[in-house]
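Undergrad: Sending over upload_8.txt (compact mmCIF, C-alpha atoms).
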# COMPACT_ATOMS: atom_id res chain seq x y z
CA MET A 25 -140.20 -1.17 -96.94
CA LYS A 26 -137.72 0.10 -94.40
CA SER A 27 -135.31 0.94 -97.23
CA ILE A 28 -137.97 3.04 -98.97
CA HIS A 29 -138.57 4.98 -95.76
CA LEU A 30 -134.84 5.50 -95.37
CA ILE A 31 -134.44 6.76 -98.94
CA LEU A 32 -137.45 9.07 -98.58
CA SER A 33 -136.12 10.53 -95.32
CA LEU A 34 -132.71 11.13 -96.88
CA VAL A 35 -134.19 12.85 -99.94
CA ILE A 36 -136.29 15.16 -97.72
CA ALA A 37 -133.25 15.95 -95.54
CA PHE A 38 -131.24 16.68 -98.68
CA ILE A 39 -133.82 19.11 -100.06
CA ILE A 40 -134.17 20.94 -96.72
CA SER A 41 -130.45 21.25 -96.06
CA CYS A 42 -129.56 22.46 -99.54
CA SER A 43 -132.35 25.00 -99.80
CA ASP A 44 -131.15 26.37 -96.45
CA SER A 45 -127.58 26.53 -97.76
CA THR A 46 -128.65 28.51 -100.82
CA SER A 47 -130.39 31.11 -98.71
CA LYS A 48 -127.31 31.36 -96.47
CA ASN A 49 -125.11 31.86 -99.51
CA LYS A 50 -127.28 34.71 -100.67
CA GLY A 51 -126.75 36.28 -97.28
CA SER A 52 -130.37 35.54 -96.33
CA LEU A 53 -131.34 38.75 -98.07
CA ASP A 54 -134.08 38.72 -100.64
CA SER A 55 -132.66 41.69 -102.53
CA SER A 56 -134.59 43.16 -105.40
CA SER A 57 -132.70 43.52 -108.66
CA THR A 58 -132.64 47.33 -108.44
CA SER A 59 -132.69 49.71 -105.49
CA LYS A 60 -132.70 53.45 -104.95
CA LEU A 61 -129.12 53.18 -103.64
CA ASP A 62 -127.76 51.57 -106.84
CA GLY A 63 -124.68 53.35 -108.15
CA PHE A 64 -121.34 54.64 -106.85
CA TRP A 65 -121.10 56.88 -103.79
CA GLU A 66 -118.11 58.93 -102.64
CA ARG A 67 -117.60 59.54 -98.93
CA LYS A 68 -117.32 63.29 -98.48
CA GLY A 69 -117.17 63.56 -94.74
CA THR A 70 -118.51 62.75 -91.30
CA ILE A 71 -121.49 64.22 -89.51
CA GLN A 72 -121.48 64.32 -85.71
CA PHE A 73 -124.80 63.83 -83.94
CA VAL A 74 -125.52 64.66 -80.30
CA ASN A 75 -128.79 63.28 -78.94
CA GLY A 76 -129.82 62.48 -82.50
CA LYS A 77 -129.29 66.03 -83.84
CA PRO A 78 -126.59 66.87 -86.41
CA ILE A 79 -124.06 69.18 -84.70
CA ASP A 80 -120.99 69.29 -86.91
CA THR A 81 -119.80 68.13 -90.33
CA ILE A 82 -116.16 67.36 -91.04
CA ILE A 83 -115.53 67.44 -94.78
CA PHE A 84 -112.61 65.40 -96.13
CA GLY A 85 -109.98 67.41 -97.93
CA ILE A 86 -109.88 69.99 -95.15
CA ASP A 87 -109.24 67.95 -92.03
CA GLU A 88 -108.46 64.57 -93.55
CA ILE A 89 -106.25 65.18 -96.57
CA GLY A 90 -105.96 62.26 -98.93
CA PHE A 91 -108.54 59.96 -97.32
CA ARG A 92 -110.78 58.33 -99.93
CA ASN A 93 -113.74 56.02 -99.40
CA TYR A 94 -116.29 54.74 -101.92
CA LYS A 95 -119.35 52.51 -101.74
CA ALA A 96 -121.18 50.90 -104.62
CA PHE A 97 -124.56 49.18 -104.73
CA GLY A 98 -125.97 47.08 -107.57
CA ASP A 99 -127.87 43.86 -108.30
CA GLY A 100 -128.26 43.20 -104.56
CA SER A 101 -124.49 43.44 -103.94
CA ILE A 102 -122.64 46.04 -101.89
CA PHE A 103 -118.97 46.95 -102.23
CA TRP A 104 -116.85 49.46 -100.30
CA ILE A 105 -113.19 50.41 -100.41
CA ASN A 106 -110.90 52.99 -98.81
CA ASN A 107 -107.25 53.98 -99.07
CA SER A 108 -106.67 54.23 -95.31
CA LYS A 109 -103.28 52.64 -94.81
CA SER A 110 -101.98 51.58 -91.43
CA GLN A 111 -98.36 51.25 -90.32
CA ASN A 112 -99.40 48.34 -88.13
CA THR A 113 -100.64 46.00 -90.85
CA PRO A 114 -98.61 44.04 -93.43
CA TRP A 115 -100.70 45.44 -96.28
CA LYS A 116 -99.71 48.36 -98.45
CA GLY A 117 -103.23 49.39 -99.41
CA GLY A 118 -106.42 50.28 -97.58
CA ALA A 119 -109.37 48.00 -96.80
CA GLY A 120 -112.54 46.94 -98.58
CA GLY A 121 -115.58 44.73 -98.32
CA TYR A 122 -118.16 42.81 -100.32
CA GLY A 123 -121.58 41.47 -99.39
CA LYS A 124 -125.31 41.52 -100.04
CA PHE A 125 -127.70 44.29 -99.02
CA LYS A 126 -131.35 45.11 -98.60
CA ILE A 127 -133.09 48.39 -97.84
CA THR A 128 -136.34 49.01 -96.06
CA ASN A 129 -137.95 52.46 -95.62
CA ASP A 130 -135.33 53.74 -93.22
CA THR A 131 -132.85 50.91 -92.70
CA LEU A 132 -129.97 49.64 -94.77
CA ILE A 133 -129.10 46.03 -93.94
CA GLU A 134 -125.73 44.75 -95.14
CA HIS A 135 -124.50 41.18 -94.89
CA MET A 136 -120.74 41.49 -95.38
CA SER A 137 -119.13 38.17 -96.29
CA HIS A 138 -115.74 39.02 -97.84
CA GLY A 139 -113.12 41.73 -97.83
CA SER A 140 -109.55 42.82 -98.37
CA GLY A 141 -106.89 44.26 -96.09
CA GLY A 142 -107.79 44.60 -92.43
CA PHE A 143 -111.52 44.15 -93.05
CA GLY A 144 -110.98 40.86 -94.93
CA ALA A 145 -108.88 39.52 -92.06
CA PHE A 146 -111.41 40.79 -89.50
CA LEU A 147 -114.36 39.16 -91.31
CA HIS A 148 -112.53 35.89 -91.75
CA TYR A 149 -111.63 35.80 -88.05
CA LEU A 150 -115.22 36.51 -86.98
CA ASN A 151 -116.88 34.14 -89.44
CA ASP A 152 -114.40 31.41 -88.57
CA SER A 153 -114.91 31.88 -84.81
CA LEU A 154 -118.70 32.22 -84.93
CA LYS A 155 -119.23 29.62 -87.69
CA THR A 156 -121.09 32.18 -89.77
CA SER A 157 -120.82 33.12 -93.43
CA PHE A 158 -121.40 36.87 -93.04
CA GLN A 159 -121.65 39.70 -90.49
CA GLU A 160 -124.78 41.82 -90.40
CA TYR A 161 -124.58 45.63 -90.30
CA LYS A 162 -127.74 47.69 -89.88
CA PHE A 163 -127.74 51.40 -90.58
CA GLY A 164 -130.33 54.11 -90.45
CA PHE A 165 -130.03 56.26 -93.56
CA ASN A 166 -131.25 59.52 -95.05
CA LEU A 167 -131.32 59.51 -98.84
CA THR A 168 -131.79 62.32 -101.31
CA GLU A 169 -131.20 62.27 -105.07
CA LYS A 170 -127.55 63.31 -104.73
CA ASN A 171 -126.44 62.24 -101.26
CA TYR A 172 -127.07 59.91 -98.38
CA THR A 173 -126.07 59.75 -94.75
CA GLN A 174 -125.49 56.43 -93.08
CA LEU A 175 -126.10 56.27 -89.34
CA GLY A 176 -125.10 53.66 -86.83
CA GLY A 177 -122.37 51.10 -86.37
CA ASN A 178 -119.37 51.16 -84.09
CA VAL A 179 -117.99 54.45 -82.84
CA PRO A 180 -114.31 54.10 -82.03
CA ASN A 181 -112.60 55.94 -79.16
CA SER A 182 -115.86 57.05 -77.56
CA ASP A 183 -117.78 55.84 -74.54
CA ASP A 184 -120.38 58.57 -74.81
CA VAL A 185 -123.62 56.96 -76.00
CA ASP A 186 -125.14 60.37 -76.77
CA ILE A 187 -122.54 61.09 -79.45
CA THR A 188 -122.84 59.26 -82.74
CA PHE A 189 -121.38 59.72 -86.17
CA GLY A 190 -122.85 59.47 -89.64
CA GLU A 191 -120.98 58.78 -92.87
CA TYR A 192 -121.87 61.41 -95.47
CA TYR A 193 -121.79 60.24 -99.13
CA GLU A 194 -122.43 61.98 -102.44
CA LYS A 195 -123.48 60.13 -105.60
CA LYS A 196 -120.95 59.92 -108.42
CA PRO A 197 -122.39 61.24 -111.69
CA SER A 198 -122.91 58.68 -114.45
CA LEU A 199 -120.04 58.91 -116.96
CA ARG A 200 -121.28 56.26 -119.39
CA LYS A 201 -123.19 52.98 -119.65
CA SER A 202 -121.77 49.80 -121.13
CA LYS A 203 -122.42 46.11 -121.69
CA MET A 204 -120.02 45.41 -118.82
CA ASP A 205 -122.25 47.12 -116.23
CA GLY A 206 -123.14 44.70 -113.44
CA VAL A 207 -121.59 42.56 -110.72
CA TRP A 208 -119.11 39.88 -111.80
CA LYS A 209 -117.25 36.97 -110.24
CA ARG A 210 -114.07 35.30 -111.56
CA ALA A 211 -115.14 31.75 -112.42
CA TYR A 212 -112.36 30.26 -114.60
CA GLU A 213 -108.74 30.93 -115.53
CA ILE A 214 -107.16 29.96 -118.84
CA THR A 215 -103.40 29.60 -119.34
CA TYR A 216 -102.11 30.62 -122.76
CA LEU A 217 -98.82 29.84 -124.44
CA ASN A 218 -98.12 31.88 -127.57
CA GLY A 219 -101.80 32.66 -127.83
CA VAL A 220 -102.90 29.03 -127.56
CA ALA A 221 -104.94 27.87 -124.54
CA ILE A 222 -103.04 25.06 -122.83
CA ASP A 223 -104.95 24.74 -119.55
CA THR A 224 -108.25 25.84 -118.00
CA THR A 225 -109.17 25.67 -114.34
CA THR A 226 -112.17 26.51 -112.19
CA VAL A 227 -111.56 29.19 -109.56
CA PRO A 228 -112.46 27.66 -106.16
CA SER A 229 -114.69 30.49 -104.96
CA ASP A 230 -115.00 28.94 -101.51
CA ALA A 231 -111.26 29.58 -101.19
CA ILE A 232 -110.67 32.70 -103.30
CA LEU A 233 -113.41 35.15 -104.19
CA ASP A 234 -112.72 37.75 -106.87
CA VAL A 235 -115.71 40.01 -107.48
CA LYS A 236 -116.12 43.37 -109.17
CA ILE A 237 -118.88 45.88 -109.75
CA ILE A 238 -118.99 48.04 -112.85
CA ASN A 239 -121.52 50.84 -113.25
CA ASP A 240 -121.72 54.38 -114.67
CA GLY A 241 -118.07 54.20 -115.81
CA TYR A 242 -116.65 53.26 -112.37
CA VAL A 243 -115.30 50.00 -111.02
CA ILE A 244 -114.52 48.47 -107.61
CA VAL A 245 -112.68 45.13 -107.37
CA GLN A 246 -112.45 42.97 -104.24
CA VAL A 247 -110.36 39.80 -103.96
CA ASP A 248 -110.61 37.81 -100.72
CA GLN A 249 -108.14 34.95 -100.38
CA THR A 250 -108.18 34.50 -96.60
CA ARG A 251 -109.76 31.05 -97.08
CA MET A 252 -106.88 29.92 -99.28
CA ILE A 253 -103.76 31.41 -97.67
CA ASN A 254 -104.64 30.39 -94.07
CA ASP A 255 -101.67 32.29 -92.61
CA SER A 256 -102.46 35.80 -91.45
CA SER A 257 -98.77 36.71 -91.22
CA LYS A 258 -98.40 36.43 -95.01
CA SER A 259 -99.01 39.58 -97.01
CA GLU A 260 -101.08 37.61 -99.57
CA TYR A 261 -103.61 36.97 -96.79
CA GLY A 262 -104.83 40.55 -97.22
CA GLY A 263 -106.09 39.90 -100.75
CA GLY A 264 -106.59 43.04 -102.80
CA GLY A 265 -108.94 45.54 -104.28
CA ALA A 266 -109.08 48.68 -106.36
CA PHE A 267 -111.23 51.66 -107.26
CA GLY A 268 -111.20 53.62 -110.49
CA GLN A 269 -112.83 54.44 -113.78
CA ILE A 270 -113.46 51.93 -116.57
CA ASP A 271 -113.93 52.28 -120.32
CA TYR A 272 -115.41 49.65 -122.63
CA ASP A 273 -115.85 50.46 -126.30
CA ASP A 274 -118.14 47.55 -127.34
CA ASN A 275 -115.37 46.37 -129.67
CA GLY A 276 -113.62 44.25 -127.04
CA ASN A 277 -111.32 46.93 -125.65
CA MET A 278 -111.44 47.53 -121.90
CA THR A 279 -109.34 49.98 -119.91
CA GLU A 280 -109.34 50.14 -116.11
CA TYR A 281 -107.89 53.36 -114.65
CA PHE A 282 -107.32 52.35 -111.03
CA GLU A 283 -106.83 55.29 -108.65
CA PHE A 284 -106.07 53.48 -105.38
CA PHE A 285 -105.81 49.98 -103.96
CA SER A 286 -106.65 47.90 -100.91
CA GLY A 287 -104.98 44.90 -99.29
CA GLN A 288 -101.61 43.81 -100.59
CA TRP A 289 -102.04 45.07 -104.15
CA PRO A 290 -99.11 47.28 -105.10
CA GLY A 291 -99.41 50.82 -106.33
CA GLY A 292 -100.10 54.08 -104.63
CA ASP A 293 -102.62 56.75 -105.43
CA ASN A 294 -102.78 57.34 -109.18
CA PRO A 295 -104.11 60.42 -110.97
CA THR A 296 -107.61 60.10 -112.49
CA ARG A 297 -107.56 58.36 -115.89
CA ASP A 298 -103.78 58.03 -115.89
CA PRO A 299 -102.81 56.20 -119.13
CA LYS A 300 -99.41 55.18 -117.69
CA THR A 301 -100.86 53.13 -114.84
CA ALA A 302 -104.02 51.92 -116.62
CA HIS A 303 -104.77 48.24 -117.17
CA TYR A 304 -105.53 47.47 -120.82
CA ALA A 305 -107.38 44.24 -121.64
CA ARG A 306 -109.09 42.47 -124.50
CA VAL A 307 -112.63 41.36 -123.64
CA SER A 308 -114.74 38.74 -125.46
CA PHE A 309 -118.31 38.00 -124.40
CA TYR A 310 -119.54 34.39 -124.51
CA ASP A 311 -123.03 35.74 -123.83
CA ASN A 312 -124.51 38.57 -121.71
CA ASP A 313 -123.59 36.77 -118.48
CA MET A 314 -120.00 35.64 -119.14
CA TYR A 315 -116.86 37.20 -120.62
CA LEU A 316 -113.18 36.46 -121.08
CA GLN A 317 -110.59 39.11 -120.16
CA ILE A 318 -106.99 38.94 -121.34
CA THR A 319 -104.46 41.61 -120.41
CA LYS A 320 -103.00 43.22 -123.52
CA ASP A 321 -99.36 42.57 -124.12
CA THR A 322 -98.54 45.03 -126.85
CA LEU A 323 -94.77 44.62 -126.46
CA ASN A 324 -95.01 40.81 -126.46
CA GLN A 325 -93.06 40.68 -123.23
CA ASN A 326 -95.01 37.72 -121.91
CA ALA A 327 -95.28 34.94 -124.45
CA ALA A 328 -97.16 32.99 -121.78
CA GLY A 329 -100.16 34.61 -120.11
CA ARG A 330 -103.46 34.13 -118.38
CA GLY A 331 -107.07 34.80 -119.31
CA VAL A 332 -109.73 35.23 -116.68
CA VAL A 333 -113.41 34.42 -117.21
CA TYR A 334 -116.02 36.39 -115.26
CA LYS A 335 -119.64 35.35 -114.69
CA ARG A 336 -122.44 37.74 -113.82
CA ILE A 337 -123.70 37.56 -110.22
CA GLN A 338 -127.46 37.58 -109.64
CA MET B 5 -129.52 -5.45 -96.43
CA LYS B 6 -127.39 -3.60 -93.91
CA ARG B 7 -124.68 -3.25 -96.52
CA ILE B 8 -127.12 -1.64 -98.98
CA LYS B 9 -128.22 0.79 -96.29
CA LYS B 10 -124.61 1.71 -95.59
CA ILE B 11 -123.97 2.34 -99.31
CA ILE B 12 -127.11 4.48 -99.60
CA ILE B 13 -126.09 6.57 -96.57
CA LEU B 14 -122.53 6.97 -97.89
CA LEU B 15 -123.79 8.04 -101.31
CA PHE B 16 -126.21 10.46 -99.70
CA VAL B 17 -123.54 12.08 -97.52
CA SER B 18 -121.23 12.50 -100.54
CA LEU B 19 -124.03 14.00 -102.62
CA LEU B 20 -125.06 16.31 -99.80
CA HIS B 21 -121.52 17.56 -99.26
CA TYR B 22 -120.95 18.12 -102.95
CA SER B 23 -124.26 19.86 -103.60
CA CYS B 24 -124.08 22.14 -100.60
CA THR B 25 -120.55 23.45 -101.10
CA ASN B 26 -121.30 26.55 -103.08
CA ALA B 27 -119.81 30.01 -103.51
CA ASN B 28 -121.19 32.90 -101.52
CA ALA B 29 -121.82 34.88 -104.67
CA VAL B 30 -124.40 33.03 -106.77
CA VAL B 31 -123.83 33.49 -110.49
CA ASN B 32 -126.33 33.65 -113.32
CA LYS B 33 -126.64 30.50 -115.37
CA SER B 34 -124.80 31.27 -118.59
CA LYS B 35 -126.30 30.11 -121.89
CA SER B 36 -122.81 29.34 -123.13
CA SER B 37 -121.61 25.76 -122.92
CA ALA B 38 -117.95 26.72 -123.39
CA PHE B 39 -116.96 25.47 -119.94
CA ASP B 40 -119.23 22.44 -119.61
CA LYS B 41 -116.29 20.03 -119.91
CA ILE B 42 -114.31 21.96 -117.29
CA ASP B 43 -117.33 21.99 -114.95
CA LYS B 44 -117.77 18.26 -115.43
CA ARG B 45 -114.07 17.59 -114.80
CA ASP B 46 -113.83 19.84 -111.73
CA LYS B 47 -117.03 18.43 -110.20
CA LYS B 48 -114.86 15.51 -109.18
CA LEU B 49 -113.01 17.79 -106.76
CA PHE B 50 -115.08 17.08 -103.67
CA THR B 51 -113.18 18.87 -100.93
CA LYS B 52 -112.07 22.47 -100.63
CA GLN B 53 -108.48 21.28 -100.30
CA GLU B 54 -108.72 19.36 -103.59
CA ARG B 55 -110.13 22.41 -105.33
CA ILE B 56 -107.32 24.61 -103.97
CA GLU B 57 -104.65 22.10 -105.01
CA SER B 58 -106.09 21.79 -108.50
CA TYR B 59 -106.20 25.58 -108.83
CA ASN B 60 -102.65 26.00 -107.53
CA ASN B 61 -101.39 23.28 -109.90
CA SER B 62 -102.89 25.17 -112.80
CA ARG B 63 -101.30 28.45 -111.63
CA ASN B 64 -97.95 26.67 -111.25
CA LYS B 65 -98.13 25.44 -114.84
CA LEU B 66 -98.03 29.04 -116.01
CA THR B 67 -95.14 29.84 -113.66
CA ASN B 68 -93.22 26.79 -114.90
CA VAL B 69 -93.83 27.63 -118.55
CA LYS B 70 -92.66 31.20 -117.97
CA ALA B 71 -89.58 29.98 -116.09
CA ALA B 72 -88.76 27.53 -118.89
CA LEU B 73 -89.07 30.26 -121.49
CA LYS B 74 -86.79 32.53 -119.49
CA THR B 75 -84.21 29.81 -118.85
CA ASN B 76 -84.09 28.77 -122.49
CA SER B 77 -84.25 32.25 -123.98
CA SER B 78 -80.60 32.06 -125.06
CA TYR B 79 -81.00 28.62 -126.65
CA SER B 80 -78.95 28.19 -129.77
CA GLY B 81 -79.04 25.30 -132.20
CA TYR B 82 -75.22 25.48 -132.31
CA GLY B 83 -74.89 24.29 -128.74
CA THR B 84 -76.81 25.20 -125.67
CA LYS B 85 -75.27 27.48 -123.17
CA LYS B 86 -76.50 27.21 -119.62
CA VAL B 87 -77.90 30.51 -118.46
CA GLU B 88 -76.52 31.62 -115.12
CA LYS B 89 -79.17 31.98 -112.49
CA LYS B 90 -79.45 35.44 -111.08
CA LEU B 91 -79.63 35.56 -107.34
CA THR B 92 -82.30 37.83 -106.05
CA ASN B 93 -82.72 39.01 -102.54
CA LYS B 94 -86.23 38.06 -101.70
CA LYS B 95 -87.53 40.14 -98.90
CA GLY B 96 -89.20 38.04 -96.26
CA ALA B 97 -92.92 38.37 -95.83
CA ASN B 98 -93.83 41.16 -93.50
CA THR B 99 -94.75 39.53 -90.27
CA LYS B 100 -95.59 42.61 -88.27
CA LYS B 101 -98.14 42.03 -85.60
CA ILE B 102 -101.49 43.33 -86.66
CA SER B 103 -103.07 45.75 -84.30
CA ARG B 104 -106.20 47.81 -84.53
CA PRO B 105 -105.58 50.92 -86.62
CA LYS B 106 -106.08 54.16 -84.75
CA LEU B 107 -108.84 56.16 -86.33
CA SER B 108 -109.64 59.74 -85.83
CA ASN B 109 -113.32 60.55 -85.56
CA ALA B 110 -113.24 62.09 -89.00
CA GLU B 111 -112.23 58.76 -90.47
CA PHE B 112 -114.94 57.05 -88.47
CA SER B 113 -116.21 53.97 -90.19
CA ALA B 114 -119.05 51.69 -89.21
CA TYR B 115 -116.84 48.81 -90.31
CA SER B 116 -114.16 49.64 -87.73
CA THR B 117 -112.63 46.43 -86.57
CA ASN B 118 -112.39 47.27 -82.88
Would you mind writing the file's structure down as structure tokens?

TA:
Amino acid sequence: MKSIHLILSLVIAFIISCSDSTSKNKGSLDSSSTSKLDGFWERKGTIQFVNGKPIDTIIFGIDEIGFRNYKAFGDGSIFWINNSKSQNTPWKGGAGGYGKFKITNDTLIEHMSHGSGGFGAFLHYLNDSLKTSFQEYKFGFNLTEKNYTQLGGNVPNSDDVDITFGEYYEKKPSLRKSKMDGVWKRAYEITYLNGVAIDTTTVPSDAILDVKIINDGYVIVQVDQTRMINDSSKSEYGGGGAFGQIDYDDNGNMTEYFEFFSGQWPGGDNPTRDPKTAHYARVSFYDNDMYLQITKDTLNQNAAGRGVVYKRIQ
Amino acid sequence: MKRIKKIIILLFVSLLHYSCTNANAVVNKSKSSAFDKIDKRDKKLFTKQERIESYNNSRNKLTNVKAALKTNSSYSGYGTKKVEKKLTNKKGANTKKISRPKLSNAEFSAYSTN
């Protein structure tokens, strides 16, 4: 009788603990599948507010030449990336982040769990110290059809509580739709030798998280490997990320035209749709929620190569 | 009886640990069964460390195969000639101390790490 009670208690504890874990993994946000923020947004400048009133707008390209910052929302996921390099970090690229989001009437709530460059290291440090799986960011926002302003957050180099800043974004126009649109996570890797698969492995996503969002012909990639490298002095600790345009022709041909990178990924700022720096890959869909991507090797320089399998994120 | 209890508790703890270690990004359940065998095999990797080691071993296989191909690229059936190893100057990992980047107000970001 006692054994039955014990088993029953354990089963109940199991159900409770695992259902709690699932909600934590989703970032505790019950995101709807679509939102009015879905799409790619380009940061155009900064609005200064004094006592809640917009006073000044600094547009990038005039005062801040070369600074680029994009955000993307889709399927409950939020991505951001910039090309802001720092001489004081070991990483050649900018920074980026990945998490889950939810919007209410006037508030954008982001639960950022992963990142690249300085933000990846920062998140890992905080989550490790606080025993959390994400950091919450709440922003007020004003949204129109073509732009949105994001208010709130930390204001660096200012002790004046009356002065705040808002990030001003404009929506990127839709270039095209494709079967690849969505949010994807690298789930498996396949090693090939002369075109024959010789080994397949699962990607341990609790150690390395590779996610990407594709929508309207644009792509942002974020790879966080802070849980695998465990040594912040190594350049690999910064992971990587990229922003650019993407083409998929429905015949298995994918081209990613990356324009800039975050973390330790090499490469500077590339021209838009530059064929010389583009990444060409062969894509095969297993079904709507899983595909295999193999980098094209037209010159047969690598007889041995790797295929990566991506699964769609809810 | 006590022994049975101990076994039940041990099994429960193992099951709990295994079931609750999940990725932060939850994926859709694919209809394809192409990776069922891989999933079944890799389910045996209970700890994060085991999963990392298994992954790194797989990555190393590719590196080893590539190295073997490179080393034996000048293989000849008329007698093998050992290829001289080229010495490369590997630059040490950049170990600069990380400090908070200085941002101007124009580059203000809510995600600033200060």

Undergrad: From the set A:Ile244, A:Met136, A:Leu217, A:Leu175, which residue has the shortest atom-to-atom contact distance to Tyr122 in chain A, counting only C-alpha atoms?

TA: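 Once distances to Tyr122 in chain A are computed over only C-alpha atoms, the minimum belongs to A:Met136.
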
Undergrad: Between A:Thr225, A:Gln288, A:Arg200, A:Glu191, single out the one closest to Lys47 in chain B, counting all atoms listed in the file.

TA: A:Thr225

Undergrad: Could you tell me how far CA of Met278 in chain A sits from CA of Ile237 in chain A, in Å to one decimal place?

TA: 14.3 Å

Undergrad: Within 9 Å of Gly123 in chain A, counting only C-alpha atoms, which residues qualify if same-chain residues fewer than 2 places away don't, as number ranges by chain?

TA: A: 50-51, 100-103, 121, 125, 134-139, 158; B: 28-29

Undergrad: Set up a box along x, y and z of the file covering all listed atoms of range 33-50 of chain B, add 6 Å on every one of the six sides, and write the centre and edge lengths in Å to one decimal, as lines of an AutoDock Vina configuration file.

TA:
center_x = -119.8
center_y = 23.4
center_z = -113.5
size_x = 25.6
size_y = 27.8
size_z = 31.7

Undergrad: CA of Val307 in chain A to CA of Ser34 in chain B: how many Å, to one decimal?

TA: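 We find that CA of Val307 in chain A and CA of Ser34 in chain B lie 16.6 Å from each other.
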
Undergrad: Tell me, in Å to one decimal, how far CA of Phe163 in chain A is from CA of Val245 in chain A.

TA: 23.4 Å

Undergrad: Could you give me, as a compact mmCIF listing (two decimals) with C-alpha atoms, in the frame of the given file, the residues that sit within 8 Å of (-128.4, 53.9, -97.6) in the file's coordinates, counting all atoms listed in the file?

TA:
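This is the output file part-v4.txt:
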# COMPACT_ATOMS: atom_id res chain seq x y z
CA LEU A 61 -129.12 53.18 -103.64
CA ILE A 127 -133.09 48.39 -97.84
CA THR A 131 -132.85 50.91 -92.70
CA LEU A 132 -129.97 49.64 -94.77
CA PHE A 163 -127.74 51.40 -90.58
CA GLY A 164 -130.33 54.11 -90.45
CA PHE A 165 -130.03 56.26 -93.56
CA ASN A 166 -131.25 59.52 -95.05
CA LEU A 167 -131.32 59.51 -98.84
CA TYR A 172 -127.07 59.91 -98.38
CA THR A 173 -126.07 59.75 -94.75
CA GLN A 174 -125.49 56.43 -93.08

Undergrad: Residues near Asn32 in chain B, anyone? I mean within 9 Å using only C-alpha atoms, not counting same-chain ones fewer than 5 positions away, as a list in words.

TA: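 Those residues are Asp313, Met314, Lys335, Arg336, Ile337 and Gln338 of chain A.
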
Undergrad: Enumerate, as a list in words, the protein, DNA and RNA residues whose atoms approach (-109.3, 47.7, -102.9) to within 6 Å, taking into account all atoms listed in the file and the coordinate frame of the file.

TA: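 Every polymer residue passing the test: Ile105, Gly120, Gln246, Gly264, Gly265, Ala266, Phe285 and Ser286 of chain A.
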
Undergrad: Which residue, B:Thr51, B:Thr75, B:Asn64, B:Ser36, has the smallest gap to chain A when you use only C-alpha atoms?

TA: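 Among B:Thr51, B:Thr75, B:Asn64, B:Ser36, it is B:Ser36 that comes nearest to chain A.
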
Undergrad: Which residue is closest to Ala38 in chain B? Choose from A:Ser229, A:Thr70, A:Thr113, A:Thr224 and count all atoms listed in the file.

TA: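 Going through A:Ser229, A:Thr70, A:Thr113, A:Thr224 one by one, the smallest distance to Ala38 in chain B is for A:Thr224.
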
Undergrad: Between A:Asp205, A:Asp298, A:Asp240, A:Asp230, which residue has the minimum interatomic distance to Phe64 in chain A, considering all atoms listed in the file?

TA: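 Distance minimum relative to Phe64 in chain A lands on A:Asp240.
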